[in-house]
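Reproduced below: data.txt, with compact mmCIF, C-alpha atoms and all ligand atoms.
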```
# COMPACT_ATOMS: atom_id res chain seq x y z
CA MET G 1 26.28 -12.27 6.00
CA VAL G 2 23.50 -9.72 5.66
CA GLU G 3 22.86 -7.36 8.53
CA ILE G 4 19.30 -7.05 9.79
CA GLY G 5 18.17 -4.55 12.35
CA LYS G 6 15.19 -2.49 13.30
CA VAL G 7 15.14 0.76 11.30
CA ASP G 8 14.05 3.73 13.35
CA TYR G 9 10.96 5.26 11.78
CA SER G 10 9.84 7.21 14.84
CA ASP G 11 10.67 10.58 13.30
CA PHE G 12 10.02 9.78 9.65
CA GLU G 13 12.41 11.66 7.38
CA VAL G 14 11.85 11.44 3.63
CA ASP G 15 14.72 11.10 1.20
CA LYS G 16 14.74 14.51 -0.47
CA SER G 17 16.31 13.12 -3.68
CA ALA G 18 12.89 11.80 -4.78
CA ALA G 19 11.41 14.44 -7.09
CA TYR G 20 8.11 14.14 -8.93
CA PRO G 21 6.90 17.72 -9.45
CA THR G 22 3.85 16.44 -11.39
CA LEU G 23 2.47 15.15 -8.09
CA LYS G 24 2.01 18.66 -6.74
CA ASP G 25 -1.58 19.26 -5.54
CA ARG G 26 -2.65 15.70 -6.41
CA VAL G 27 -5.08 14.28 -3.87
CA VAL G 28 -3.95 10.78 -2.95
CA ILE G 29 -6.05 8.41 -0.87
CA ILE G 30 -3.82 5.94 0.98
CA THR G 31 -5.77 3.26 2.81
CA GLY G 32 -4.25 1.83 5.98
CA ALA G 33 -1.86 4.76 6.33
CA GLY G 34 -2.15 4.96 10.11
CA GLN G 35 1.06 2.97 10.55
CA GLY G 36 3.84 1.11 8.82
CA ILE G 37 4.42 1.44 5.10
CA GLY G 38 1.27 3.50 4.40
CA ARG G 39 2.43 6.11 6.87
CA GLY G 40 5.70 6.35 4.95
CA TYR G 41 3.81 6.84 1.68
CA ALA G 42 1.86 9.70 3.28
CA HIS G 43 5.10 11.49 4.19
CA TYR G 44 6.58 10.97 0.73
CA PHE G 45 3.51 12.25 -1.13
CA ALA G 46 3.21 15.31 1.11
CA ALA G 47 6.89 16.09 0.55
CA GLN G 48 6.08 16.28 -3.20
CA GLY G 49 3.34 18.82 -2.54
CA ALA G 50 0.57 16.23 -2.93
CA ILE G 51 -2.23 15.92 -0.38
CA PRO G 52 -2.26 12.50 1.27
CA ILE G 53 -5.59 11.31 2.63
CA ILE G 54 -4.88 8.98 5.51
CA ALA G 55 -7.79 6.57 5.18
CA GLU G 56 -7.47 4.39 8.24
CA ILE G 57 -9.77 2.27 10.43
CA ASN G 58 -7.87 3.33 13.56
CA GLY G 59 -9.02 6.96 13.72
CA GLU G 60 -6.55 7.99 16.40
CA ALA G 61 -3.57 6.55 14.49
CA GLY G 62 -4.75 8.22 11.28
CA GLU G 63 -5.04 11.63 12.96
CA LYS G 64 -1.57 11.23 14.45
CA VAL G 65 -0.04 10.52 11.03
CA ALA G 66 -1.92 13.45 9.45
CA GLU G 67 -0.63 15.73 12.20
CA GLU G 68 3.01 14.66 11.83
CA VAL G 69 2.76 15.02 8.03
CA ARG G 70 1.25 18.52 8.33
CA THR G 71 3.98 19.54 10.78
CA LYS G 72 6.75 18.43 8.41
CA HIS G 73 5.41 19.00 4.92
CA GLY G 74 2.05 20.65 4.29
CA ASP G 75 -1.49 19.52 3.73
CA ALA G 76 -2.79 16.12 4.87
CA LEU G 77 -6.19 14.88 5.93
CA ALA G 78 -7.15 11.89 8.06
CA ILE G 79 -10.51 10.25 7.50
CA GLN G 80 -11.58 7.23 9.47
CA VAL G 81 -12.80 4.43 7.22
CA ASP G 82 -13.47 0.74 7.33
CA VAL G 83 -12.70 -0.38 3.79
CA THR G 84 -14.90 -3.47 4.24
CA ASP G 85 -17.99 -1.29 4.74
CA LEU G 86 -19.41 0.21 1.55
CA ASP G 87 -21.17 3.08 3.40
CA SER G 88 -17.94 3.95 5.18
CA VAL G 89 -16.04 3.97 1.86
CA THR G 90 -18.74 6.13 0.24
CA ASN G 91 -18.42 8.54 3.16
CA LEU G 92 -14.62 8.62 2.68
CA VAL G 93 -14.98 9.61 -0.96
CA ASN G 94 -17.68 12.20 -0.24
CA GLN G 95 -15.56 13.73 2.52
CA VAL G 96 -12.48 13.94 0.29
CA LEU G 97 -14.45 15.53 -2.54
CA SER G 98 -16.15 18.05 -0.27
CA GLN G 99 -12.96 18.93 1.65
CA ARG G 100 -10.31 18.78 -1.10
CA GLY G 101 -12.41 18.87 -4.30
CA ARG G 102 -10.81 16.03 -6.24
CA ILE G 103 -9.39 12.51 -6.09
CA ASP G 104 -6.40 11.78 -8.30
CA CYS G 105 -4.82 8.66 -6.88
CA LEU G 106 -5.82 5.68 -4.77
CA ILE G 107 -3.34 3.38 -3.08
CA ASN G 108 -5.06 0.22 -1.86
CA ASN G 109 -2.59 -0.42 0.93
CA ALA G 110 -4.83 -1.42 3.89
CA ALA G 111 -4.52 -5.08 4.76
CA VAL G 112 -4.91 -7.73 7.38
CA PHE G 113 -1.19 -8.22 7.66
CA SER G 114 1.17 -7.45 10.53
CA LYS G 115 -0.74 -9.32 13.23
CA ILE G 116 -1.78 -12.18 10.97
CA THR G 117 -1.55 -15.80 12.16
CA MET G 118 1.05 -17.98 10.44
CA ALA G 119 0.07 -21.65 10.48
CA PRO G 120 -0.63 -24.52 8.09
CA PHE G 121 -3.76 -23.57 6.19
CA TRP G 122 -5.88 -26.27 7.78
CA GLU G 123 -5.18 -24.66 11.15
CA LEU G 124 -5.79 -21.01 10.17
CA PRO G 125 -8.70 -19.40 12.01
CA VAL G 126 -11.61 -19.24 9.58
CA ASP G 127 -12.57 -15.78 10.88
CA GLU G 128 -9.10 -14.55 9.95
CA TRP G 129 -9.46 -16.00 6.44
CA LYS G 130 -12.73 -14.09 6.05
CA ALA G 131 -11.20 -10.88 7.42
CA ALA G 132 -8.26 -11.14 5.00
CA VAL G 133 -10.60 -11.59 2.04
CA ASP G 134 -12.83 -8.72 3.24
CA VAL G 135 -10.07 -6.19 3.81
CA ASN G 136 -7.45 -7.20 1.26
CA ILE G 137 -9.72 -7.98 -1.70
CA THR G 138 -13.22 -6.58 -1.11
CA GLY G 139 -11.82 -3.43 0.52
CA ALA G 140 -9.65 -2.73 -2.53
CA PHE G 141 -12.65 -3.29 -4.82
CA TYR G 142 -14.92 -1.00 -2.76
CA CYS G 143 -12.34 1.80 -2.71
CA ALA G 144 -11.59 1.56 -6.44
CA ARG G 145 -15.30 1.43 -7.25
CA ALA G 146 -15.96 4.54 -5.16
CA VAL G 147 -13.16 6.73 -6.56
CA VAL G 148 -13.67 5.87 -10.22
CA PRO G 149 -16.50 8.37 -11.00
CA ALA G 150 -14.32 11.34 -9.93
CA MET G 151 -11.38 10.03 -11.95
CA GLN G 152 -13.55 9.38 -15.00
CA GLU G 153 -14.86 12.92 -14.84
CA ALA G 154 -11.32 14.27 -14.66
CA ARG G 155 -10.18 11.80 -17.35
CA TRP G 156 -7.09 11.16 -15.23
CA GLY G 157 -6.39 8.76 -12.42
CA ARG G 158 -3.94 6.39 -10.79
CA ILE G 159 -4.84 3.27 -8.83
CA VAL G 160 -2.11 1.23 -7.17
CA ASN G 161 -3.13 -2.13 -5.72
CA VAL G 162 -0.62 -3.36 -3.17
CA SER G 163 0.28 -7.02 -3.47
CA SER G 164 3.29 -8.81 -2.00
CA ALA G 165 6.37 -10.60 -3.25
CA THR G 166 5.50 -13.38 -0.78
CA PHE G 167 2.94 -14.88 -3.10
CA LEU G 168 5.49 -15.39 -5.89
CA MET G 169 7.54 -17.33 -3.36
CA GLY G 170 4.50 -19.45 -2.54
CA LEU G 171 5.37 -18.83 1.08
CA PRO G 172 3.91 -21.49 3.37
CA ASN G 173 1.76 -20.88 6.47
CA TYR G 174 0.20 -17.72 5.11
CA LEU G 175 -2.54 -19.03 2.81
CA HIS G 176 -5.13 -16.34 3.57
CA TYR G 177 -2.62 -13.56 3.00
CA ILE G 178 -1.01 -15.11 -0.09
CA THR G 179 -4.35 -15.87 -1.71
CA THR G 180 -5.67 -12.35 -1.24
CA LYS G 181 -2.44 -10.74 -2.43
CA SER G 182 -2.37 -12.85 -5.60
CA ALA G 183 -5.87 -11.52 -6.37
CA MET G 184 -4.44 -8.00 -6.69
CA VAL G 185 -2.72 -8.92 -9.96
CA GLY G 186 -5.90 -10.07 -11.72
CA MET G 187 -7.84 -7.16 -10.25
CA SER G 188 -5.31 -4.63 -11.54
CA ARG G 189 -5.16 -6.13 -15.02
CA SER G 190 -8.94 -6.17 -15.53
CA MET G 191 -9.35 -2.71 -14.02
CA ALA G 192 -6.60 -1.41 -16.31
CA ARG G 193 -8.49 -2.69 -19.35
CA GLU G 194 -11.79 -1.19 -18.18
CA LEU G 195 -10.40 2.18 -17.11
CA GLY G 196 -7.90 2.81 -19.90
CA PRO G 197 -10.40 4.79 -22.02
CA TRP G 198 -10.54 7.42 -19.23
CA ASN G 199 -6.75 7.71 -18.97
CA ILE G 200 -6.80 5.98 -15.60
CA THR G 201 -3.90 3.62 -14.96
CA VAL G 202 -4.06 0.67 -12.59
CA ASN G 203 -0.93 -1.16 -11.51
CA THR G 204 0.08 -3.69 -8.91
CA PHE G 205 2.88 -2.92 -6.51
CA TRP G 206 4.76 -5.75 -4.82
CA PRO G 207 6.81 -4.83 -1.77
CA GLY G 208 9.43 -7.25 -0.55
CA VAL G 209 9.89 -8.23 3.06
CA MET G 210 10.03 -5.07 5.16
CA GLN G 211 10.38 -4.34 8.82
CA THR G 212 8.40 -1.33 9.97
CA GLU G 213 7.90 0.22 13.40
CA ILE G 214 5.20 -2.43 13.98
CA GLU G 215 6.23 -5.67 15.66
CA ARG G 216 5.48 -8.82 13.65
CA PRO G 217 5.06 -11.56 16.25
CA SER G 218 4.91 -14.31 13.61
CA VAL G 219 8.18 -13.36 11.85
CA PRO G 220 11.35 -13.76 13.95
CA ASN G 221 14.47 -11.79 13.07
CA GLU G 222 16.09 -14.97 11.71
CA ARG G 223 13.36 -15.19 9.06
CA PHE G 224 14.02 -11.59 7.93
CA LYS G 225 17.69 -12.54 7.63
CA GLU G 226 16.87 -15.59 5.49
CA TYR G 227 14.75 -13.58 3.06
CA THR G 228 17.32 -10.83 2.75
CA ALA G 229 20.05 -13.39 2.06
CA ARG G 230 17.93 -14.72 -0.84
CA GLN G 231 17.67 -11.27 -2.45
CA SER G 232 19.88 -10.12 -5.32
CA LEU G 233 20.63 -6.95 -3.37
CA GLN G 234 22.18 -8.05 -0.12
CA ARG G 235 20.70 -5.38 2.10
CA GLN G 236 17.58 -4.93 4.12
CA GLY G 237 14.83 -2.97 2.36
CA THR G 238 13.25 0.09 3.88
CA ILE G 239 10.00 1.99 3.56
CA HIS G 240 11.97 4.52 1.50
CA ASP G 241 12.70 1.80 -1.07
CA LEU G 242 8.95 1.31 -1.46
CA ALA G 243 7.70 4.88 -1.35
CA LYS G 244 9.80 6.11 -4.28
CA PRO G 245 8.43 3.61 -6.85
CA VAL G 246 4.90 4.31 -5.61
CA LEU G 247 5.45 8.03 -6.23
CA PHE G 248 6.49 7.08 -9.77
CA LEU G 249 3.39 4.93 -10.34
CA CYS G 250 1.19 7.88 -9.30
CA SER G 251 3.09 10.51 -11.26
CA GLU G 252 2.76 11.79 -14.83
CA GLU G 253 6.05 10.01 -15.57
CA SER G 254 4.29 6.60 -15.52
CA SER G 255 1.50 7.73 -17.86
CA TYR G 256 1.97 4.90 -20.39
CA ILE G 257 2.24 2.11 -17.82
CA THR G 258 -0.93 0.25 -16.87
CA GLY G 259 -1.94 -3.28 -15.91
CA GLN G 260 1.67 -3.94 -14.87
CA SER G 261 3.30 -5.31 -11.75
CA LEU G 262 6.27 -3.60 -10.18
CA GLN G 263 8.34 -5.50 -7.64
CA ALA G 264 10.37 -3.59 -5.09
CA ASP G 265 11.95 -6.51 -3.27
CA GLY G 266 15.68 -6.15 -3.80
CA GLY G 267 15.55 -8.84 -6.50
CA LEU G 268 14.07 -11.50 -4.23
CA THR G 269 11.62 -12.66 -6.89
CA PHE G 270 11.37 -12.31 -10.66
CA VAL G 271 8.25 -12.57 -12.81
N1 LIG Z 301 5.71 -5.07 5.57
C1 LIG Z 301 5.99 -5.97 4.63
O1 LIG Z 301 6.94 -6.75 4.73
C2 LIG Z 301 5.11 -6.08 3.40
C3 LIG Z 301 5.54 -6.91 2.36
C4 LIG Z 301 4.75 -7.05 1.23
C5 LIG Z 301 3.56 -6.36 1.15
N2 LIG Z 301 3.15 -5.57 2.18
C6 LIG Z 301 1.87 -4.89 2.03
O2 LIG Z 301 2.04 -3.51 2.25
C7 LIG Z 301 0.88 -2.98 2.87
C8 LIG Z 301 1.26 -2.26 4.17
O3 LIG Z 301 2.01 -3.15 4.99
P1 LIG Z 301 2.34 -2.77 6.51
O4 LIG Z 301 3.51 -3.57 6.89
O5 LIG Z 301 2.36 -1.30 6.69
O6 LIG Z 301 1.01 -3.39 7.22
P2 LIG Z 301 0.34 -3.05 8.64
O7 LIG Z 301 -0.39 -4.28 9.06
O8 LIG Z 301 1.35 -2.47 9.58
O9 LIG Z 301 -0.69 -1.86 8.30
C9 LIG Z 301 -1.94 -2.14 7.73
C10 LIG Z 301 -2.84 -0.94 8.03
O10 LIG Z 301 -4.14 -1.22 7.47
C11 LIG Z 301 -5.13 -0.78 8.40
N3 LIG Z 301 -6.40 -1.48 8.18
C12 LIG Z 301 -6.65 -2.79 8.45
N4 LIG Z 301 -7.94 -3.06 8.20
C13 LIG Z 301 -8.51 -1.92 7.74
C14 LIG Z 301 -9.82 -1.57 7.31
N5 LIG Z 301 -10.81 -2.48 7.35
N6 LIG Z 301 -10.07 -0.32 6.88
C15 LIG Z 301 -9.05 0.60 6.86
N7 LIG Z 301 -7.78 0.35 7.27
C16 LIG Z 301 -7.52 -0.91 7.72
C17 LIG Z 301 -4.50 -1.12 9.75
O11 LIG Z 301 -5.16 -0.45 10.82
C18 LIG Z 301 -3.06 -0.69 9.52
O12 LIG Z 301 -2.90 0.67 9.81
C19 LIG Z 301 -0.08 -4.15 3.07
O13 LIG Z 301 -0.98 -4.21 1.98
C20 LIG Z 301 0.83 -5.35 3.03
O14 LIG Z 301 0.16 -6.51 2.59
C21 LIG Z 301 3.89 -5.42 3.30
```
Once you've parsed the file, please lay out its structure as structure tokens.
Amino acid sequence: MVEIGKVDYSDFEVDKSAAYPTLKDRVVIITGAGQGIGRGYAHYFAAQGAIPIIAEINGEAGEKVAEEVRTKHGDALAIQVDVTDLDSVTNLVNQVLSQRGRIDCLINNAAVFSKITMAPFWELPVDEWKAAVDVNITGAFYCARAVVPAMQEARWGRIVNVSSATFLMGLPNYLHYITTKSAMVGMSRSMARELGPWNITVNTFWPGVMQTEIERPSVPNERFKEYTARQSLQRQGTIHDLAKPVLFLCSEESSYITGQSLQADGGLTFV
């Protein structure tokens, strides 16, 4: 029987065994890093000497993460952004370039996710469908579009589009989420083809089912147990299990990998 329990992320401690020295001084925009998994990524990148940009719609939450990262590791910058608003995304990129001088990596992590409604698709609120498409797909497109000129100039870049293992499972009662997350695969593959000539890689990252510090009203503990029991690895995943492969995808060590999908789900799904 697998054990499931809330992991305490209140005082986020990175696993020091992760070592990607080539990430030092890289400027990494992480959308939706004001909480949950994105916050964990921010800590992990800063611990490598990279500069995480906490690009978050909730300005207060973003500042709080930037402050805790600076206290523990080094440089970090919070910039409030609504990824569904092109002007706001343009402002994000301009701010990063004027304050840190470069953009090396983009992690399209922001999503309509933890508070999402789970219901048969014919009962899903239409507004929530539109919000999921706006944030999860259009937001990723806007952010990628905005960072590309700086990466093309540098002839180096990393874009990671965050998908989800749930769509491989064809999970029911989640149609807006599943549909938008499946779009990340096609988006990454086409972007990889278009950006390859500038030495910019684009990959899709598929987290498995993770508990974070954020309550998920639509997913009872029993459901987490069921998913974990279906994994090859019979243990609950953590944010640490996700952050380390994302470091790799943004590092020099993944320089010949593009257009690919990487699943970090304990062997829940296979492509
Ligand atoms: N937690 C899991 O089990 C799991 C599994 C698979 C994939 N994922 C993916 O990982 C990513 C992070 O998951 P999480 O659990 O931390 O989610 P979360 O819902 O806790 O965090 C999402 C963040 O995105 C921000 N955001 C929402 N709309 C925004 C906008 N318009 N502009 C800027 N920021 C915005 C939110 O404020 C929030 O901070 C998501 O893309 C999610 O789909 C999560």
- Task: Work out how far CA of His43 (chain G) is from CA of Val185 (chain G), in Å to one decimal.
- Result: 26.0 Å
- Could you work out how far atom N3 of ligand LIG 301 (chain Z) lies from CA of Asp82 (chain G), giving the answer in Å with one decimal?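 Atom N3 of ligand LIG 301 (chain Z) lies at a distance of 7.5 Å from CA of Asp82 (chain G).
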- What gap, in Å, lies between CA of Asp25 (chain G) and atom O1 of ligand LIG 301 (chain Z)?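 Between CA of Asp25 (chain G) and atom O1 of ligand LIG 301 (chain Z) the gap works out to 29.2 Å.
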Compile a residue-level contact table for chain G against ligand LIG 301 (chain Z) at a cut-off of 7 Å, reporting for every qualifying residue the shortest atom pair and its distance in Å to one decimal, with all atoms listed in the file counted, rows ordered by chain and ascending number, as a tab-separated table.
```
residue	atom	partner	partner_atom	distance
G:Thr31	CA	Z:LIG301	N7	5.7
G:Gly32	CA	Z:LIG301	O10	3.4
G:Ala33	CA	Z:LIG301	O12	5.5
G:Gly34	CA	Z:LIG301	O12	4.4
G:Gln35	CA	Z:LIG301	O12	4.6
G:Gly36	CA	Z:LIG301	O5	3.5
G:Ile37	CA	Z:LIG301	O5	3.8
G:Gly38	CA	Z:LIG301	O5	5.4
G:Ala55	CA	Z:LIG301	C15	6.3
G:Glu56	CA	Z:LIG301	N7	4.2
G:Ile57	CA	Z:LIG301	C15	4.0
G:Asn58	CA	Z:LIG301	O11	5.4
G:Val81	CA	Z:LIG301	C15	5.4
G:Asp82	CA	Z:LIG301	N6	3.6
G:Val83	CA	Z:LIG301	N6	4.1
G:Thr84	CA	Z:LIG301	N5	5.2
G:Asn109	CA	Z:LIG301	O13	4.2
G:Ala110	CA	Z:LIG301	O10	3.7
G:Ala111	CA	Z:LIG301	O13	4.6
G:Val112	CA	Z:LIG301	C12	5.3
G:Phe113	CA	Z:LIG301	O7	4.3
G:Ser114	CA	Z:LIG301	O7	3.8
G:Lys115	CA	Z:LIG301	O7	6.6
G:Val135	CA	Z:LIG301	N5	5.2
G:Gly139	CA	Z:LIG301	N5	7.0
G:Val162	CA	Z:LIG301	O13	5.2
G:Ser163	CA	Z:LIG301	C5	5.7
G:Ser164	CA	Z:LIG301	C4	4.0
G:Ala165	CA	Z:LIG301	C4	5.9
G:Thr166	CA	Z:LIG301	C4	6.7
G:Trp206	CA	Z:LIG301	C5	6.1
G:Pro207	CA	Z:LIG301	C4	4.3
G:Gly208	CA	Z:LIG301	C3	4.9
G:Val209	CA	Z:LIG301	O1	3.7
G:Met210	CA	Z:LIG301	O1	3.5
G:Gln211	CA	Z:LIG301	N1	5.7
G:Thr212	CA	Z:LIG301	O4	6.2
G:Ile214	CA	Z:LIG301	O8	5.8
```
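Proximity ranking of G:Asn173, G:Thr71, G:Asn136, G:Asn94 relative to Phe121 (chain G) places G:Asn173 first, based on only C-alpha atoms.
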- Message: Can you pull out the residues contacting Gly40 (chain G)? Cut-off 10 Å, using only C-alpha atoms, and skip same-chain residues under 4 positions away; I want them as an NGL selection string.
- Response: :G and (9 or 12-14 or 33-36 or 44-45 or 65 or 69 or 212 or 238-240 or 242-243)
All residues 10 Å or closer to Glu68 (chain G), only C-alpha atoms, same chain fewer than 5 positions away omitted, as a CSV table (one decimal) with C-alpha atoms, keeping the file's coordinate frame:
```
chain,number,residue,atom,x,y,z
G,11,ASP,CA,10.7,10.6,13.3
G,12,PHE,CA,10.0,9.8,9.6
G,39,ARG,CA,2.4,6.1,6.9
G,42,ALA,CA,1.9,9.7,3.3
G,43,HIS,CA,5.1,11.5,4.2
G,63,GLU,CA,-5.0,11.6,13.0
G,73,HIS,CA,5.4,19.0,4.9
G,74,GLY,CA,2.0,20.6,4.3
G,76,ALA,CA,-2.8,16.1,4.9
```
- Which residue gives the smallest distance to Gly62 (chain G) among G:Thr204, G:Leu175, G:Gln80, G:Cys250, with all atoms listed in the file counted? G:Gln80
- Query: Smallest atom-to-atom distance to Gln99 (chain G): which of G:Ile257, G:Asn199, G:Val27, G:Leu268, using only C-alpha atoms?
  - Reply: G:Val27
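With only C-alpha atoms as the atoms that count, the minimum distance from Val202 (chain G) to the choices G:Asn108, G:Asn91, G:Ser232, G:Thr180 is reached by G:Asn108.
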- Task: Skip Pro21 (chain G) itself and residues of its chain fewer than 6 positions away, then list as a PyMOL selection string all residues within 10 Å of it, counting only C-alpha atoms.
- Result: chain G and resi 48-50+251-253
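In terms of minimum interatomic distance to Ile29 (chain G), G:Ile103 ranks closest within G:Ile178, G:Val2, G:Met191, G:Ile103, counting only C-alpha atoms.
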- Item | From G:Val133, G:Ala47, G:Cys143, G:Leu247, residue lying nearest Leu92 (chain G) [only C-alpha atoms] | G:Cys143
- Task: Fewer than 3 positions away in the same chain doesn't count, so skip those; otherwise give me all residues within 10 Å of Arg145 (chain G), counting all atoms listed in the file, as a ChimeraX atom specification.
- Result: /G:86,89-90,139-142,148-149,191
- Message: What's around region 220-229 of chain G at 7 Å? Count only C-alpha atoms, leave out sequence neighbours fewer than 4 positions away in its own chain, and write the answer as a ChimeraX atom specification.
- Response: /G:2,4,234-236
